[in-house]
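Working notes for the structure below.
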Amino acid sequence: MVQSAVFGYLIGSIPFGVLLASLRGVRLQEVGSGNIGATNVNRALGPAAGLLVLLLDAGKGAVAALIGLSLVGPWGFVLGGLGAGIGHAYPFTLRFHGGKVVAVSLGVLLLTSPLAALVAVLVFLGMLLATRIVSSSALLGATAALVTLLVLPASTPSRILVLGLWLLMLIRHAPNIQRLLAHQEPRLTVRR
């Protein structure tokens with residue numbers, strides 16, 4: 001079971017946003033929010049690059065969970081998915097300064113419960129259209145996914161995995177939550 005978490009962590013530690021930005025001569029951590037995820041890539045390089053990083057980060061969450069599943073079974077799926085989330089949030093490749101775990105969580109959620117993933121995306125998009133604030137939209141979408149999994153029939157490992165990723169997202173969004181409470185969180189702008 002330990003190898004599922006280790007593989008997950010190593011896969012999660014691949015900083016796709018930083019790698020893509022560096023190919024364009026941009027130090028992502030010095031642009032916008034300094035975050036390594038799709039939202040900041042969108043700010044730095046535009047929406048196409050942001051979408052690519054979203055897909056790559058979601059993919060690494062899904063791949064890590066599937067490797068864990070193949071190694072150990074359902075609990076390996078949990079450890080692989082959580083490992084990927086922790087690796088993305090605290091990657092050894094970036095001195096443990098990583099991302100917010102939103103896209104990685106989406107990739108895992110798509111495998112765990114496509115319905116909960118759909119709910120998360122719809123809530124995220126609705127909130128984003130209403131507020132243009134990515135952090136609150138992501139947190140509300142993740143909360144909606146968790147509630148969906150708790151209400152609908154789901155396995156215990158799936159619920160534990162999604163709960164763990166949700167808690168990790170809350171921890172990583174602590175500065176955003178403080179800015180939201182102070183009405184200082186920036187709104188999304190689209191670079192053309």
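Residue numbering restarts at 1 for every chain of the structure tokens, chains are lettered A, B, ... in their displayed order, and ligands are numbered from 1 as they appear.
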How close does segment 64-164 of chain A get to segment 173-178 of chain A? List, as CSV, each residue of segment 64-164 of chain A within 8 Å, its nearest atom pair and the distance in Å to one decimal, counting only C-alpha atoms.
```
residue,atom,partner,partner_atom,distance
A:Lys100,CA,A:His173,CA,6.5
A:Ser135,CA,A:Asn176,CA,6.6
A:Ser136,CA,A:Ile177,CA,7.8
```
With only C-alpha atoms counted and 10 Å as the cut-off, give the residues of segment 58-176 of chain A in contact with segment 36-43 of chain A, each with its shortest interatomic distance in Å and the pair that gives it, as JSON lines.
```
{"residue": "A:His88", "atom": "CA", "partner": "A:Ile36", "partner_atom": "CA", "distance": 9.1}
{"residue": "A:Ala89", "atom": "CA", "partner": "A:Ile36", "partner_atom": "CA", "distance": 9.5}
{"residue": "A:Leu94", "atom": "CA", "partner": "A:Ile36", "partner_atom": "CA", "distance": 9.8}
{"residue": "A:His97", "atom": "CA", "partner": "A:Ile36", "partner_atom": "CA", "distance": 8.8}
{"residue": "A:Gly98", "atom": "CA", "partner": "A:Ile36", "partner_atom": "CA", "distance": 6.2}
{"residue": "A:Gly99", "atom": "CA", "partner": "A:Ile36", "partner_atom": "CA", "distance": 5.4}
{"residue": "A:Lys100", "atom": "CA", "partner": "A:Gly37", "partner_atom": "CA", "distance": 7.2}
{"residue": "A:Val101", "atom": "CA", "partner": "A:Gly37", "partner_atom": "CA", "distance": 8.3}
{"residue": "A:Val102", "atom": "CA", "partner": "A:Gly37", "partner_atom": "CA", "distance": 8.5}
{"residue": "A:Ala103", "atom": "CA", "partner": "A:Ala38", "partner_atom": "CA", "distance": 7.9}
{"residue": "A:Val104", "atom": "CA", "partner": "A:Gly37", "partner_atom": "CA", "distance": 9.9}
{"residue": "A:Val134", "atom": "CA", "partner": "A:Thr39", "partner_atom": "CA", "distance": 7.7}
{"residue": "A:Ser135", "atom": "CA", "partner": "A:Thr39", "partner_atom": "CA", "distance": 9.6}
```
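Interatomic distance, atom CA of Asp57 of chain A against atom CA of Leu161 of chain A: 17.1 Å.
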Just to confirm, what's the straight-line distance from atom CA of Gly59 of chain A to atom CA of Gly107 of chain A in Å (one decimal)?
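Interatomic distance here is 5.7 Å.
Distances here use only C-alpha atoms; by that measure, the residue among A:Ala145, A:Val63, A:Leu79, A:Leu71 closest to Leu115 of chain A is A:Ala145.
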Please compute the atom CA of Leu19 of chain A-atom CA of Phe124 of chain A distance, one decimal, in Å.
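Atom CA of Phe124 of chain A lies 26.3 Å from atom CA of Leu19 of chain A.
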Neighbour list for Arg187 of chain A as a PyMOL selection string, cut-off 9 Å, only C-alpha atoms, skip fewer than 4 positions in-chain:
chain A and resi 131-134
Could you write out that same residue set with N, CA and C atoms as an mmCIF file, in the first residue's frame?
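Wrote again.cif, looks like this:
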```cif
data_model
loop_
_atom_site.group_PDB
_atom_site.id
_atom_site.type_symbol
_atom_site.label_atom_id
_atom_site.label_comp_id
_atom_site.auth_asym_id
_atom_site.auth_seq_id
_atom_site.Cartn_x
_atom_site.Cartn_y
_atom_site.Cartn_z
ATOM 1 N N THR A 131 -19.328 35.433 -10.161
ATOM 2 C CA THR A 131 -18.397 36.222 -9.345
ATOM 3 C C THR A 131 -17.050 36.505 -10.011
ATOM 4 N N ARG A 132 -16.644 35.656 -10.963
ATOM 5 C CA ARG A 132 -15.314 35.694 -11.582
ATOM 6 C C ARG A 132 -14.198 35.483 -10.550
ATOM 7 N N ILE A 133 -14.519 34.819 -9.459
ATOM 8 C CA ILE A 133 -13.519 34.503 -8.437
ATOM 9 C C ILE A 133 -13.279 32.999 -8.470
ATOM 10 N N VAL A 134 -12.087 32.602 -8.891
ATOM 11 C CA VAL A 134 -11.792 31.190 -9.107
ATOM 12 C C VAL A 134 -11.752 30.424 -7.790
#
```
Which residues in segment 31-159 of chain A does DSSP call alpha helix (DSSP H)? List them as a PyMOL selection string.
chain A and resi 38-45+47-72+74-89+102-112+114-131+134-151+156-159
Go through A:Gly81, A:Gly164, A:Gly25, A:Gly87 and flag the residue nearest Leu69 of chain A, using only C-alpha atoms for the distances.
A:Gly81
When distances are computed from only C-alpha atoms, which of A:Leu149, A:Ser13, A:Arg159, A:Arg179 shows the smallest separation from Ala117 of chain A?
A:Leu149
Between A:Leu106, A:Val6, A:Leu55, A:Met1, which one has atoms that come closest to Val72 of chain A, using only C-alpha atoms?
A:Met1
Determine the nearest neighbour of Leu51 of chain A from the options A:Gly76, A:Gly17, A:Arg27, A:Thr112, counting only C-alpha atoms.
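Nearest to Leu51 of chain A: A:Gly17.
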Shell of 10 Å around Ile160 of chain A, only C-alpha atoms, local chain residues under 3 positions omitted, as an MDAnalysis selection string:
chainID A and resid 75 78 82 146 149 155:157 163:166
Name all residues at most 6 Å from Val108 of chain A (count only C-alpha atoms; drop same-chain ones fewer than 2 positions away) and give them as a ChimeraX atom specification.
/A:61-62,105-106,110-111
For the residues selected in the previous step, produce a file with N, CA and C atoms as a short mmCIF file (atom, residue, chain, number, x, y, z; two decimals), in the first residue's frame.
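Wrote it out as out39.cif, contents follow:
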```cif
data_model
loop_
_atom_site.label_atom_id
_atom_site.label_comp_id
_atom_site.auth_asym_id
_atom_site.auth_seq_id
_atom_site.Cartn_x
_atom_site.Cartn_y
_atom_site.Cartn_z
N GLY A 61 -3.65 13.22 -11.57
CA GLY A 61 -4.46 12.70 -10.46
C GLY A 61 -5.10 11.37 -10.82
N ALA A 62 -5.66 11.31 -12.03
CA ALA A 62 -6.31 10.08 -12.48
C ALA A 62 -5.31 8.94 -12.64
N SER A 105 -7.74 17.00 -8.12
CA SER A 105 -8.95 16.46 -7.50
C SER A 105 -10.01 16.15 -8.54
N LEU A 106 -10.13 17.01 -9.55
CA LEU A 106 -11.11 16.76 -10.61
C LEU A 106 -10.79 15.48 -11.36
N LEU A 110 -13.40 12.36 -11.44
CA LEU A 110 -14.00 11.81 -12.66
C LEU A 110 -14.00 10.29 -12.65
N LEU A 111 -12.98 9.69 -12.06
CA LEU A 111 -12.93 8.23 -11.95
C LEU A 111 -13.82 7.72 -10.82
#
```
Given the choices A:Phe77, A:Met127, A:Phe96, A:Ala84, which gets closest to Ser158 of chain A if the distance is worked out from only C-alpha atoms?
A:Phe77
